[in-house]
$ cat target_17.txt   # compact mmCIF, C-alpha atoms
# COMPACT_ATOMS: atom_id res chain seq x y z
CA MET T 1 0.00 0.00 0.00
CA SER T 2 2.74 2.43 1.05
CA GLY T 3 4.83 1.37 -1.98
CA ARG T 4 1.98 2.25 -4.31
CA LEU T 5 1.58 5.63 -2.64
CA SER T 6 5.28 6.40 -2.83
CA ARG T 7 5.24 5.52 -6.56
CA ARG T 8 2.34 7.94 -7.12
CA TRP T 9 3.47 10.91 -5.08
CA PRO T 10 5.25 12.68 -7.95
CA LEU T 11 1.95 12.57 -9.84
CA TRP T 12 0.03 14.00 -6.90
CA GLY T 13 2.74 16.59 -6.37
CA ALA T 14 2.53 17.69 -9.98
CA LEU T 15 -1.25 17.89 -9.75
CA VAL T 16 -1.10 20.06 -6.63
CA PHE T 17 1.57 22.23 -8.23
CA VAL T 18 -0.55 22.81 -11.35
CA LEU T 19 -3.67 23.50 -9.27
CA VAL T 20 -1.91 26.00 -7.03
CA GLY T 21 -0.33 27.63 -10.07
CA PHE T 22 -3.69 28.07 -11.81
CA LEU T 23 -5.26 29.42 -8.62
CA ALA T 24 -2.41 31.89 -8.10
CA VAL T 25 -2.55 33.13 -11.69
CA GLY T 26 -6.35 33.33 -11.67
CA ALA T 27 -6.43 35.23 -8.42
CA THR T 28 -3.75 37.78 -9.30
CA ARG T 29 -4.10 38.30 -13.05
CA THR T 30 -5.82 41.48 -14.17
CA ASP T 31 -6.42 42.56 -17.71
CA GLY T 32 -6.44 46.22 -16.64
CA PRO T 33 -9.15 48.65 -17.56
CA SER T 34 -10.17 48.57 -21.20
CA THR T 35 -11.94 51.94 -21.24
CA PRO T 36 -11.39 55.31 -19.48
CA GLU T 37 -14.69 54.74 -17.65
CA GLU T 38 -13.41 51.43 -16.28
CA ARG T 39 -10.19 53.09 -15.20
CA ALA T 40 -12.08 55.93 -13.52
CA SER T 41 -14.34 53.41 -11.76
CA GLY T 42 -11.28 51.55 -10.47
CA ILE T 43 -9.88 54.77 -9.03
CA GLU T 44 -13.23 55.87 -7.60
CA ALA T 45 -13.56 52.52 -5.83
CA ARG T 46 -10.36 53.37 -3.90
CA ILE T 47 -11.57 56.78 -2.73
CA ALA T 48 -13.81 57.05 0.32
CA CYS T 49 -16.94 59.17 0.21
CA PRO T 50 -16.01 62.14 2.47
CA VAL T 51 -19.43 62.31 4.14
CA CYS T 52 -20.39 58.61 4.40
CA GLN T 53 -19.14 55.67 6.42
CA GLY T 54 -17.24 52.94 4.57
CA GLU T 55 -18.62 53.82 1.15
CA SER T 56 -16.57 54.64 -1.92
CA VAL T 57 -17.28 57.61 -4.17
CA LEU T 58 -18.06 55.05 -6.87
CA GLU T 59 -21.06 53.82 -4.86
CA SER T 60 -22.09 57.02 -3.13
CA ARG T 61 -24.71 59.28 -4.74
CA ASN T 62 -24.17 62.44 -2.71
CA THR T 63 -22.92 65.75 -4.09
CA ALA T 64 -19.40 65.54 -2.67
CA SER T 65 -18.85 62.12 -4.22
CA GLU T 66 -20.33 63.25 -7.51
CA SER T 67 -17.93 66.20 -7.62
CA ILE T 68 -14.99 63.90 -6.88
CA ARG T 69 -16.14 61.51 -9.61
CA ASN T 70 -16.25 64.45 -12.05
CA ARG T 71 -12.71 65.45 -11.10
CA VAL T 72 -11.39 61.88 -11.40
CA GLY T 73 -13.08 61.59 -14.80
CA GLU T 74 -11.38 64.81 -15.97
CA LEU T 75 -7.96 63.66 -14.79
CA VAL T 76 -8.42 60.25 -16.45
CA ASP T 77 -9.46 61.91 -19.70
CA GLU T 78 -6.39 64.17 -19.58
CA GLY T 79 -4.31 61.00 -19.42
CA ASP T 80 -1.26 62.60 -17.80
CA LEU T 81 -1.38 60.98 -14.38
CA THR T 82 -1.22 57.43 -13.09
CA ASP T 83 -3.99 56.03 -10.90
CA ASP T 84 -1.95 56.63 -7.74
CA GLU T 85 -1.17 60.19 -8.81
CA ILE T 86 -4.86 60.90 -9.40
CA ILE T 87 -5.68 59.57 -5.95
CA GLY T 88 -2.84 61.74 -4.64
CA VAL T 89 -4.48 64.83 -6.20
CA ILE T 90 -7.73 64.11 -4.37
CA GLU T 91 -5.83 63.26 -1.16
CA SER T 92 -3.98 66.59 -1.34
CA SER T 93 -7.33 68.37 -0.89
CA TYR T 94 -9.19 66.06 1.48
CA GLY T 95 -6.33 64.47 3.41
CA GLY T 96 -5.61 60.82 4.18
CA ARG T 97 -9.16 60.16 5.40
CA ILE T 98 -10.22 60.03 1.75
CA LEU T 99 -8.26 56.82 1.15
CA LEU T 100 -10.44 53.74 1.41
CA VAL T 101 -7.34 51.53 1.53
CA PRO T 102 -4.64 53.00 3.81
CA ARG T 103 -1.19 53.50 2.35
CA ALA T 104 1.56 51.07 3.35
CA SER T 105 3.87 53.88 4.46
CA GLY T 106 4.24 56.20 7.42
CA PHE T 107 1.85 55.91 10.35
CA ASP T 108 -0.79 54.23 8.15
CA ALA T 109 1.60 51.30 7.67
CA LEU T 110 0.70 50.22 11.21
CA VAL T 111 -2.65 49.05 9.83
CA TRP T 112 -0.76 46.46 7.78
CA ALA T 113 2.19 45.86 10.10
CA LEU T 114 0.33 45.28 13.38
CA PRO T 115 -1.67 42.21 12.26
CA VAL T 116 1.49 40.68 10.78
CA ALA T 117 3.42 41.45 13.98
CA ALA T 118 0.61 39.94 16.05
CA LEU T 119 0.64 36.79 13.87
CA ILE T 120 4.40 36.44 14.17
CA CYS T 121 4.20 36.88 17.96
CA ALA T 122 1.39 34.33 18.24
CA VAL T 123 3.17 31.74 16.09
CA SER T 124 6.43 32.30 17.97
CA ALA T 125 4.65 31.93 21.31
CA LEU T 126 3.03 28.70 20.15
CA ALA T 127 6.33 27.35 18.85
CA LEU T 128 8.08 28.19 22.12
CA THR T 129 5.29 26.59 24.15
CA PHE T 130 5.30 23.39 22.08
CA ARG T 131 9.07 23.23 22.36
CA ARG T 132 8.89 23.62 26.14
CA TRP T 133 6.23 20.95 26.43
CA LYS T 134 8.36 18.61 24.32
CA ARG T 135 11.42 19.33 26.47
CA GLU T 136 9.47 18.77 29.67
CA ALA T 137 8.08 15.50 28.33
CA ALA T 138 11.58 14.38 27.31
CA ALA T 139 12.98 15.32 30.74
CA GLU T 140 10.58 12.97 32.41
CA GLY T 141 12.25 10.06 30.58
CA ASP T 142 10.98 6.48 30.10
CA PRO T 143 8.59 5.01 32.70
CA THR T 144 10.36 3.33 35.58
CA ASP T 145 9.47 -0.09 36.99
CA GLU T 146 7.70 1.72 39.76
CA ASP T 147 5.54 3.60 37.23
CA ARG T 148 4.71 0.36 35.42
CA ALA T 149 3.73 -1.29 38.70
CA LEU T 150 1.46 1.63 39.54
CA VAL T 151 -0.30 1.42 36.17
CA ALA T 152 -0.65 -2.34 36.41
CA ALA T 153 -2.15 -2.03 39.90
CA ALA T 154 -4.59 0.61 38.69
CA LEU T 155 -5.68 -1.54 35.75
CA ALA T 156 -6.04 -4.60 37.96
CA SER T 157 -8.21 -2.72 40.46
CA GLU T 158 -10.37 -1.52 37.59
CA ASP T 159 -10.80 -5.08 36.32
CA ASP T 160 -11.79 -6.26 39.81
CA ALA T 161 -14.48 -3.61 40.21
CA PRO T 162 -18.16 -4.66 39.63
CA PRO T 163 -19.45 -3.91 36.09
CA ALA T 164 -21.89 -1.21 37.27
CA GLU T 165 -19.10 0.69 38.99
CA ARG T 166 -16.83 0.34 35.95
CA ASP T 167 -19.48 1.75 33.65
CA ARG T 168 -19.89 4.83 35.73
CA MET U 169 5.28 25.64 35.44
CA VAL U 170 7.49 27.75 37.69
CA GLY U 171 8.77 29.60 34.58
CA GLN U 172 5.18 30.30 33.55
CA ARG U 173 4.45 31.79 36.97
CA ARG U 174 7.55 33.98 36.63
CA VAL U 175 6.61 35.29 33.15
CA ALA U 176 2.85 35.75 33.64
CA PRO U 177 3.05 38.86 35.87
CA PHE U 178 5.35 40.58 33.37
CA VAL U 179 3.02 39.78 30.45
CA ALA U 180 0.04 41.06 32.47
CA LEU U 181 2.01 44.18 33.38
CA ALA U 182 2.92 44.81 29.73
CA VAL U 183 -0.72 44.43 28.61
CA ALA U 184 -1.86 46.72 31.43
CA ALA U 185 0.77 49.30 30.43
CA VAL U 186 -0.41 49.24 26.78
CA VAL U 187 -4.07 49.60 27.82
CA ALA U 188 -3.19 52.43 30.21
CA GLY U 189 -1.16 54.14 27.47
CA LEU U 190 -4.07 53.92 25.02
CA PHE U 191 -6.41 55.28 27.69
CA VAL U 192 -4.13 58.25 28.31
CA VAL U 193 -3.77 58.93 24.56
CA PHE U 194 -7.51 58.76 23.87
CA ALA U 195 -8.54 60.63 27.00
CA GLY U 196 -5.99 63.38 26.34
CA SER U 197 -6.75 63.84 22.65
CA THR U 198 -8.65 66.95 21.66
CA PRO U 199 -12.06 66.29 20.14
CA SER U 200 -12.41 67.58 16.59
CA THR U 201 -14.73 70.45 17.45
CA ASP U 202 -12.30 73.24 16.70
CA GLU U 203 -13.76 75.91 14.48
CA THR U 204 -10.73 75.91 12.23
CA ALA U 205 -10.48 72.49 10.68
CA GLU U 206 -7.22 70.87 9.71
CA THR U 207 -6.54 70.56 6.01
CA PRO U 208 -3.57 69.42 3.95
CA LEU U 209 -3.86 72.72 2.11
CA MET U 210 -3.05 74.84 5.17
CA ASP U 211 -0.04 77.14 4.63
CA ARG U 212 0.24 75.91 1.07
CA PRO U 213 -0.63 77.67 -2.16
CA ALA U 214 -4.37 77.73 -2.71
CA PRO U 215 -5.52 75.26 -5.34
CA GLU U 216 -6.68 76.32 -8.77
CA ALA U 217 -10.19 77.70 -8.56
CA VAL U 218 -11.93 78.88 -11.68
CA GLY U 219 -15.66 79.48 -11.95
CA GLN U 220 -18.23 81.78 -13.40
CA LEU U 221 -19.39 84.93 -11.65
CA GLY U 222 -23.03 85.90 -11.54
CA ASP U 223 -22.51 88.50 -14.30
CA GLY U 224 -20.98 85.89 -16.60
CA ALA U 225 -17.36 86.96 -16.08
CA THR U 226 -14.73 84.38 -15.18
CA PHE U 227 -13.52 84.10 -11.61
CA ASP U 228 -9.95 82.94 -11.23
CA LEU U 229 -8.59 82.82 -7.69
CA ALA U 230 -5.00 82.98 -8.95
CA ARG U 231 -5.71 86.50 -10.28
CA ARG U 232 -6.76 87.77 -6.83
CA LYS U 233 -3.22 87.76 -5.46
CA GLY U 234 -2.28 90.93 -3.64
CA ASP U 235 -5.45 90.95 -1.55
CA TRP U 236 -6.65 88.93 1.38
CA VAL U 237 -9.40 86.74 -0.01
CA VAL U 238 -12.19 85.06 1.92
CA ILE U 239 -14.28 82.48 0.12
CA ASN U 240 -17.43 81.02 1.57
CA PHE U 241 -18.96 77.81 0.22
CA PHE U 242 -22.71 78.20 0.26
CA GLN U 243 -26.01 76.54 -0.61
CA SER U 244 -29.26 78.45 -0.37
CA SER U 245 -31.16 75.54 1.22
CA CYS U 246 -28.54 74.90 3.93
CA ILE U 247 -29.76 76.16 7.31
CA PRO U 248 -26.34 77.11 8.81
CA CYS U 249 -25.62 79.01 5.56
CA GLN U 250 -28.84 80.95 6.02
CA GLN U 251 -28.06 81.54 9.69
CA GLU U 252 -24.57 82.89 9.06
CA HIS U 253 -25.66 85.18 6.23
CA PRO U 254 -26.25 88.27 8.44
CA ASP U 255 -22.79 87.72 9.97
CA LEU U 256 -21.24 87.55 6.51
CA GLN U 257 -22.95 90.80 5.58
CA GLU U 258 -21.52 92.38 8.71
CA PHE U 259 -18.07 90.99 7.97
CA VAL U 260 -18.12 92.27 4.39
CA ALA U 261 -19.16 95.73 5.62
CA GLN U 262 -16.32 95.71 8.20
CA GLN U 263 -13.75 94.74 5.57
CA ALA U 264 -15.01 97.35 3.11
CA ALA U 265 -14.24 100.01 5.71
CA LEU U 266 -10.59 98.91 5.97
CA PRO U 267 -7.88 100.10 3.58
CA ASP U 268 -6.63 96.53 3.09
CA GLY U 269 -9.95 94.80 3.66
CA ALA U 270 -10.40 91.28 2.44
CA LYS U 271 -12.24 90.52 -0.78
CA PHE U 272 -15.18 88.24 -0.12
CA TYR U 273 -16.62 85.66 -2.53
CA THR U 274 -19.43 83.17 -2.21
CA VAL U 275 -18.87 79.89 -4.02
CA VAL U 276 -22.15 78.15 -4.76
CA TYR U 277 -22.15 74.48 -3.84
CA ASP U 278 -24.61 72.25 -5.70
CA ASP U 279 -27.41 74.76 -6.07
CA ASP U 280 -29.49 76.31 -8.84
CA ARG U 281 -28.65 79.79 -9.99
CA ALA U 282 -32.30 80.85 -9.64
CA ASN U 283 -32.40 79.73 -5.99
CA VAL U 284 -29.19 81.58 -5.21
CA GLU U 285 -30.30 84.77 -6.92
CA ALA U 286 -33.65 84.63 -5.12
CA PHE U 287 -31.87 84.15 -1.78
CA PHE U 288 -29.53 87.09 -2.28
CA SER U 289 -32.27 89.40 -3.52
CA GLN U 290 -34.35 88.53 -0.47
CA GLU U 291 -31.65 88.41 2.22
CA GLY U 292 -29.24 90.97 0.81
CA GLY U 293 -25.53 90.73 0.10
CA ASP U 294 -23.91 92.41 -2.86
CA TRP U 295 -20.58 90.61 -3.01
CA PRO U 296 -19.54 88.49 -6.00
CA VAL U 297 -21.06 85.01 -6.28
CA VAL U 298 -19.09 82.28 -8.06
CA TYR U 299 -20.94 79.37 -9.67
CA ASP U 300 -18.97 76.14 -9.35
CA GLU U 301 -21.05 74.18 -11.84
CA ASP U 302 -18.98 70.98 -11.90
CA GLY U 303 -17.93 71.13 -8.24
CA SER U 304 -14.27 71.48 -9.20
CA ILE U 305 -13.61 74.34 -6.76
CA ALA U 306 -15.20 72.37 -3.91
CA VAL U 307 -13.09 69.29 -4.74
CA ALA U 308 -9.93 71.41 -5.04
CA PHE U 309 -10.53 72.71 -1.50
CA GLY U 310 -11.69 69.36 -0.15
CA VAL U 311 -15.13 70.67 0.70
CA SER U 312 -17.80 68.07 1.32
CA LYS U 313 -20.33 69.97 3.41
CA VAL U 314 -21.39 73.59 3.59
CA PRO U 315 -20.90 76.16 4.91
CA GLU U 316 -17.13 76.40 4.87
CA THR U 317 -15.07 79.56 4.88
CA TRP U 318 -11.47 79.82 3.73
CA ILE U 319 -8.94 82.61 4.20
CA ILE U 320 -6.24 83.11 1.58
CA ASP U 321 -3.44 85.61 2.06
CA PRO U 322 -2.17 88.13 -0.53
CA ASP U 323 0.49 85.62 -1.66
CA GLY U 324 -2.23 83.13 -2.54
CA VAL U 325 -1.48 80.86 0.42
CA VAL U 326 -4.22 79.18 2.43
CA ARG U 327 -4.21 80.60 5.98
CA GLY U 328 -7.50 79.55 7.48
CA ARG U 329 -10.42 77.21 7.18
CA VAL U 330 -13.60 77.43 9.21
CA ILE U 331 -16.12 74.65 8.93
CA SER U 332 -19.79 75.13 9.71
CA ARG U 333 -21.37 78.44 10.72
CA VAL U 334 -19.04 81.37 11.29
CA SER U 335 -19.59 84.68 13.05
CA ALA U 336 -18.46 88.10 11.83
CA ASP U 337 -16.46 88.65 15.01
CA TYR U 338 -14.63 85.33 14.77
CA LEU U 339 -13.82 85.76 11.10
CA GLY U 340 -12.70 89.37 11.61
CA ALA U 341 -10.50 88.39 14.57
CA GLN U 342 -8.96 85.48 12.66
CA LEU U 343 -8.15 87.71 9.74
CA GLN U 344 -6.68 90.40 11.97
CA ARG U 345 -4.52 87.84 13.76
CA LEU U 346 -3.27 86.54 10.43
CA ARG U 347 -2.54 90.05 9.16
CA GLU U 348 -0.51 90.84 12.26
CA GLY U 349 1.35 87.55 12.03
CA ARG U 350 2.70 88.23 8.58
$ encode --input "target_17.txt" --output "structure tokens"
Amino acid sequence: MSGRLSRRWPLWGALVFVLVGFLAVGATRTDGPSTPEERASGIEARIACPVCQGESVLESRNTASESIRNRVGELVDEGDLTDDEIIGVIESSYGGRILLVPRASGFDALVWALPVAALICAVSALALTFRRWKREAAAEGDPTDEDRALVAAALASEDDAPPAERDR
Amino acid sequence: MVGQRRVAPFVALAVAAVVAGLFVVFAGSTPSTDETAETPLMDRPAPEAVGQLGDGATFDLARRKGDWVVINFFQSSCIPCQQEHPDLQEFVAQQAALPDGAKFYTVVYDDDRANVEAFFSQEGGDWPVVYDEDGSIAVAFGVSKVPETWIIDPDGVVRGRVISRVSADYLGAQLQRLREGR
């Protein structure tokens, strides 16, 4: 059984590799916007409505968002700036609160760094704990004759007990 | 087990210190109720602002350099805008009496020209009104609610921003303080 498995593992490995590869490409590949409207929508989806909670200017119907959409549309049509630069133009007027996705630099980087730091700390703490448990278990060594006698006595007393008591 | 007992108080102490630190930071922070709101534009050149005046002429903020300029974002149906209107009239009259008085402009925010004209003819106010048809001036200044009042110095640099209703006394005092600080 194990021989058959070991003969097949390269096949399974290749299958997993192909699957993961397709998933990675499918999840990360973008064709990019095909029209200026699509590009503007992509930018608008990254800008927060200045008077709503958790809504982008793409979704919001209020006046402030509409004005920002107009401005983004103009800048896209001019074609001189990248997406990030256009968002920077809007940010220069409204401040960082206008960014729906915080930047990965400066103080905002904490938003990204803190969860990663917490994960690293948690994994490290777990690893250290498991290692300590393993060391403690190893330090106890193999069971002595005394331990074996104790276990045997306990099992024997259990066997001698009446069935009703054992089932309890 | 003994090691755990040794470490636990220190971990608890560290967590308590962090919580206490956060408490101090949050309790000591100033609530955002200041009349002058923070803006990335403060002490920087005012953004491009071009619109159409009520008489059809073009308004270009860049061409107003040399004067203190106060611009007020306004909507005729906004209650605080209506409430501050008498104060703005008083402020404009005060500035007109000064040799270097500020030039005052209303920038219309998402409103019909007819409504604005009706408001001014009823409530008074003879200063220039700028129509920001596409909202570009509002976006350039990061305005999302009205009223808002901005102070721009003779070099074209943003020196003040007041969100919500403003009084003539406050605006006059702010402007005077800024003049003296130059």
$ atom_distance --input "target_17.txt" --atom1 "atom CA of Val275 of chain U" --atom2 "atom CA of Arg350 of chain U"
26.3 Å
$ interface_residues --input "target_17.txt" --of "chain T" --to "chain U" --cutoff "12 Å" --atoms "all atoms listed in the file" --output "PyMOL selection string"
chain T and resi 48-52+57+62-75+88-98+128-129+132-133+136
$ axis_aligned_box --input "target_17.txt" --around "segment 247-257 of chain U" --padding-each-side "5 Å" --output "lines of an AutoDock Vina configuration file"
center_x = -25.5
center_y = 83.5
center_z = 7.8
size_x = 18.5
size_y = 24.6
size_z = 14.4
$ atom_distance --input "target_17.txt" --atom1 "atom CA of Asp223 of chain U" --atom2 "atom CA of Arg329 of chain U"
27.1 Å
$ atom_distance --input "target_17.txt" --atom1 "atom CA of Val237 of chain U" --atom2 "atom CA of Gly222 of chain U"
17.9 Å
$ closest_residue --input "target_17.txt" --among "U:Leu221, U:Ala230, U:Ala336, U:Ala265" --to "Arg281 of chain U" --atoms "all atoms listed in the file"
U:Leu221
$ closest_residue --input "target_17.txt" --among "U:Asp300, U:Asp294, U:Asp228, U:Glu316" --to "Cys249 of chain U" --atoms "all atoms listed in the file"
U:Glu316
$ residues_near_point --input "target_17.txt" --point "(-24.7, 87.7, 12.4)" --cutoff "12 Å" --atoms "all atoms listed in the file" --output "JSON, numbers by chain"
{"U": [248, 249, 250, 251, 252, 253, 254, 255, 256, 257, 258, 259, 260, 261, 333, 334, 335, 336, 337, 338, 339]}
$ closest_residue --input "target_17.txt" --among "U:Cys246, U:Leu229, U:Val330, U:Leu346" --to "Val298 of chain U" --atoms "all atoms listed in the file"
U:Leu229
$ residues_near_point --input "target_17.txt" --point "(-5.2, 61.9, -11.5)" --cutoff "7 Å" --atoms "only C-alpha atoms" --output "VMD selection string"
chain T and resid 72 75 to 76 81 to 83 85 to 87 89
$ residues_around --input "target_17.txt" --residues "Pro322 of chain U" --least-positions-apart "2" --cutoff "9 Å" --atoms "all atoms listed in the file" --output "ChimeraX atom specification"
/U:232-237,320,324-325
$ build_atoms --input "target_17.txt" --residues "segment 116-132 of chain T" --atoms "N, CA and C atoms" --output "compact mmCIF listing (two decimals), in the frame of the given file"
# COMPACT_ATOMS: atom_id res chain seq x y z
N VAL T 116 0.39 41.59 11.12
CA VAL T 116 1.49 40.68 10.78
C VAL T 116 2.35 40.46 12.04
N ALA T 117 2.62 41.55 12.76
CA ALA T 117 3.42 41.45 13.98
C ALA T 117 2.70 40.56 15.00
N ALA T 118 1.39 40.75 15.11
CA ALA T 118 0.61 39.94 16.05
C ALA T 118 0.67 38.46 15.66
N LEU T 119 0.58 38.19 14.35
CA LEU T 119 0.64 36.79 13.87
C LEU T 119 1.99 36.17 14.18
N ILE T 120 3.05 36.95 13.91
CA ILE T 120 4.40 36.44 14.17
C ILE T 120 4.58 36.15 15.66
N CYS T 121 4.09 37.08 16.51
CA CYS T 121 4.20 36.88 17.96
C CYS T 121 3.43 35.63 18.39
N ALA T 122 2.22 35.48 17.85
CA ALA T 122 1.39 34.33 18.24
C ALA T 122 2.04 33.01 17.83
N VAL T 123 2.54 32.97 16.57
CA VAL T 123 3.17 31.74 16.09
C VAL T 123 4.44 31.44 16.89
N SER T 124 5.21 32.50 17.19
CA SER T 124 6.43 32.30 17.97
C SER T 124 6.10 31.79 19.37
N ALA T 125 5.05 32.36 19.97
CA ALA T 125 4.65 31.93 21.31
C ALA T 125 4.21 30.47 21.30
N LEU T 126 3.47 30.10 20.27
CA LEU T 126 3.03 28.70 20.15
C LEU T 126 4.22 27.77 19.99
N ALA T 127 5.15 28.18 19.10
CA ALA T 127 6.33 27.35 18.85
C ALA T 127 7.14 27.17 20.13
N LEU T 128 7.31 28.27 20.87
CA LEU T 128 8.08 28.19 22.12
C LEU T 128 7.38 27.29 23.14
N THR T 129 6.05 27.41 23.20
CA THR T 129 5.29 26.59 24.15
C THR T 129 5.39 25.12 23.81
N PHE T 130 5.22 24.80 22.51
CA PHE T 130 5.30 23.39 22.08
C PHE T 130 6.69 22.83 22.37
N ARG T 131 7.69 23.68 22.13
CA ARG T 131 9.07 23.23 22.36
C ARG T 131 9.29 22.93 23.85
N ARG T 132 8.72 23.82 24.70
CA ARG T 132 8.89 23.62 26.14
C ARG T 132 8.19 22.35 26.60
